[in-house]
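To keep things clear, I will list the structure first and then write my remarks on it.
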Amino acid sequence: PIIGGARLTGKVNDWQLGALNMQTTGIAVEGISPHNFTVLRTRKFIDPLGSFVGGIITNRLNTDTSNLSNQTIGFDFVKRITQQLAVEGGISGTLVNFKADDIVKASYLHAGVFQSAVTGFLYSGTLDLLGEDINPVMGFIDDNNYGNGMVELGYRDGFSEKSVLQYWSLFVQNNYRWKFDTHQRETYTLEIWPGLQFKNGAEIVISAAEFKIDSLPFDWILDDKNAISAGTYTTWNNSLILISPSQSAFYGSLEMTYGGFYSGKRIFISPEAT
């Protein structure tokens with residue numbers, strides 16, 4: 001439970017600043033210690049396009065008798081070369097009591113490039129490298145000790161003014177993830193997505209192919225009666241996404257997927273209406 005805290009935000013010229021401090025109480029019967037949380041974030045805009053550099057520091061202090069503390073320190077930037085083309089990057093590291101046995105192993109590196117366009121070619125690519133000791137206790141990562149690279153290439157073009165269709169598109173995405181300690185591939189995906197967008201805002205998107213190779217190093221326990229055995233699995237899926245016209249008072253969407261799920265099959269249906 002939160003006892004209390006304070007927050008401060010502001011902007012001075014091209015600087016954005018934010019600070020937060022919060023104290024929680026412990027719950028002895030559940031083994032939860034009291035903690036003090038601090039976050040400091042700053043950002044400096046560096047050009048009229050919105051490019052910026054920034055930094056963040058977080059600290060979680062155990063306020064019982066142990067006084068154990070965990071820190072995260074990070075720096076990031078976004079550089080807009082044009083309104084459509086941007087590059088970004090960041091590096092962060094985690095500490096315990098303001099120390100790290102190996103700062104490289106306790107680091108997270110990110111880099112990316114993005115090209116957008118109404119019509120024509122669109123592309124993006126990202127690279128993430130997470131050391132085996134990275135542990136942001138005030139954040140979340142799904143795993144550590146891995147690298148992940150993603151590349152997406154797309155093309156979008158328009159129809160004639162007389163057509164009810166606005167654009168057609170085709171996107172291809174590749175994703176590769178590997179473990180640092182074994183140097184082995186963990187996951188590879190290849191997806192091909194053609195789509196149509198109507199002038200009233202409705203959309204139809206189909207996955208021509210969703211190919212995936214996924215390696216599980218250990219048994220994945222889903223519940224008391226179901227588990228997926230360790231191993232390497234190859235699956236194919238196809239999906240259909242329907243989006244209702246945006247110019248109406250009613251909004252609805254429907255996503256459906258059918259295909260492989262490790263050693264079995266799956267049918268996924270997700271409707272949404274507002």
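Residue numbering restarts at 1 in every chain; chains get A, B, ... in the order shown in the structure tokens, and ligands count up from 1 in that same order.
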
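Using only C-alpha atoms, the protein and nucleic acid residues lying no more than 8 Å from Leu190 of chain A, apart from those fewer than 6 places from it along its own chain, are A:Val172, A:Gln173, A:Asn174, A:Asn175, A:Ala209, A:Glu210, A:Phe211, A:Lys212.
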
Fewer than 2 positions away in the same chain doesn't count, so skip those; otherwise give me all residues within 7 Å of segment 80-82 of chain A, counting only C-alpha atoms, as an MDAnalysis selection string.
chainID A and resid 49:51 78 84:87

Rounded to one decimal place, report the atom CA of Tyr146 of chain A-atom CA of Phe218 of chain A distance in Å.
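Separation of atom CA of Tyr146 of chain A and atom CA of Phe218 of chain A: 16.1 Å.
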
Of the residues A:Lys179, A:Lys79, A:Lys225, A:Lys44, which is the one nearest to Val12 of chain A, using only C-alpha atoms?
A:Lys44

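Atom pair atom CA of Ile91 of chain A / atom CA of Pro136 of chain A: separated by 12.8 Å.
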
Residue list (strand (DSSP E), DSSP) for segment 34-210 of chain A, as an MDAnalysis selection string
chainID A and resid 35:45 52:62 69:80 85:96 107:115 120:130 146:158 165:179 185:198 203:206 209:210

Give me the residues of segment 123-197 of chain A that have any atom at most 12 Å from an atom of segment 233-249 of chain A; for each, the nearest atom pair and the distance in Å, rounded to one decimal. Use only C-alpha atoms, sort by chain and number, and format it as a Markdown table.
| residue | atom | partner | partner_atom | distance |
| --- | --- | --- | --- | --- |
| A:Val164 | CA | A:Pro245 | CA | 11.9 |
| A:Leu165 | CA | A:Pro245 | CA | 11.9 |
| A:Glu186 | CA | A:Tyr233 | CA | 10.5 |
| A:Thr187 | CA | A:Tyr233 | CA | 9.6 |
| A:Tyr188 | CA | A:Thr234 | CA | 9.5 |
| A:Thr189 | CA | A:Thr235 | CA | 9.6 |
| A:Leu190 | CA | A:Trp236 | CA | 9.8 |
| A:Glu191 | CA | A:Asn237 | CA | 9.3 |
| A:Ile192 | CA | A:Asn238 | CA | 9.7 |
| A:Trp193 | CA | A:Ser239 | CA | 9.1 |
| A:Pro194 | CA | A:Leu240 | CA | 10.3 |
| A:Gly195 | CA | A:Ile241 | CA | 9.2 |
| A:Leu196 | CA | A:Leu242 | CA | 10.0 |
| A:Gln197 | CA | A:Ile243 | CA | 9.3 |

So the first atom is atom CA of Phe98 of chain A and the second is atom CA of His35 of chain A; what is the distance between them in Å, to one decimal place?
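Taking atom CA of Phe98 of chain A as the start and atom CA of His35 of chain A as the end point, the length is 16.4 Å.
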
With only C-alpha atoms as the counted atoms, please give the residues lying no more than 10 Å from Val118 of chain A, apart from itself and same-chain residues fewer than 5 positions off, as a tab-separated table (two decimals) with C-alpha atoms, in the first residue's frame.
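Contents of out_33.tsv, freshly written:
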chain	number	residue	atom	x	y	z
A	84	GLN	CA	9.13	10.75	-42.47
A	155	TYR	CA	4.65	-0.56	-49.95
A	156	ARG	CA	1.38	1.41	-50.13
A	157	ASP	CA	-0.29	2.94	-53.19
A	158	GLY	CA	-3.61	4.60	-53.95
A	167	TYR	CA	-5.10	2.34	-50.65

Set the distance at 6 Å and use only C-alpha atoms: which residues neighbour Asn36 of chain A once local chain neighbours fewer than 2 positions away are removed? I'd like the list as an MDAnalysis selection string.
chainID A and resid 22:23 60:61

With C-alpha atoms retained, export the selected residues as a CSV table (one decimal), in the first residue's frame.
chain,number,residue,atom,x,y,z
A,22,MET,CA,6.7,7.5,-3.4
A,23,GLN,CA,6.8,5.5,-0.1
A,60,ARG,CA,14.1,1.5,-5.4
A,61,LEU,CA,15.2,1.5,-1.8

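Residues surrounding Asn135 of chain A within 10 Å are Asn70, Gln71, Thr72, Gly93, Thr94, Leu95, Val96, Ala106, Ser107, Tyr108, Ile141, Asp143 and Asn144 of chain A [only C-alpha atoms; sequence separation below 6 positions excluded].
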
Can I get the selected residues back with C-alpha atoms, as a PDB file, in the first residue's frame?
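So the final result, stored in part-v5.pdb, reads:
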ATOM      1  CA  ASN A  70      18.286  -1.111  -7.114  1.00  0.00           C
ATOM      2  CA  GLN A  71      19.039   1.510  -9.750  1.00  0.00           C
ATOM      3  CA  THR A  72      18.427   1.906 -13.474  1.00  0.00           C
ATOM      4  CA  GLY A  93      22.101  -0.347 -17.213  1.00  0.00           C
ATOM      5  CA  THR A  94      20.962  -1.702 -13.865  1.00  0.00           C
ATOM      6  CA  LEU A  95      22.841  -1.563 -10.560  1.00  0.00           C
ATOM      7  CA  VAL A  96      22.502  -3.081  -7.104  1.00  0.00           C
ATOM      8  CA  ALA A 106      23.893  -5.500 -16.890  1.00  0.00           C
ATOM      9  CA  SER A 107      23.156  -3.337 -19.943  1.00  0.00           C
ATOM     10  CA  TYR A 108      20.404  -3.001 -22.557  1.00  0.00           C
ATOM     11  CA  ILE A 141      11.596  -7.123 -19.698  1.00  0.00           C
ATOM     12  CA  ASP A 143      13.769 -12.117 -20.588  1.00  0.00           C
ATOM     13  CA  ASN A 144      17.475 -11.318 -20.577  1.00  0.00           C
TER      14      ASN A 144
END

Could you name the residues that touch Gln166 of chain A at 10 Å or less, counting only C-alpha atoms, but leaving out those on the same chain fewer than 3 positions away, as a VMD selection string?
chain A and resid 157 to 163 196 to 203
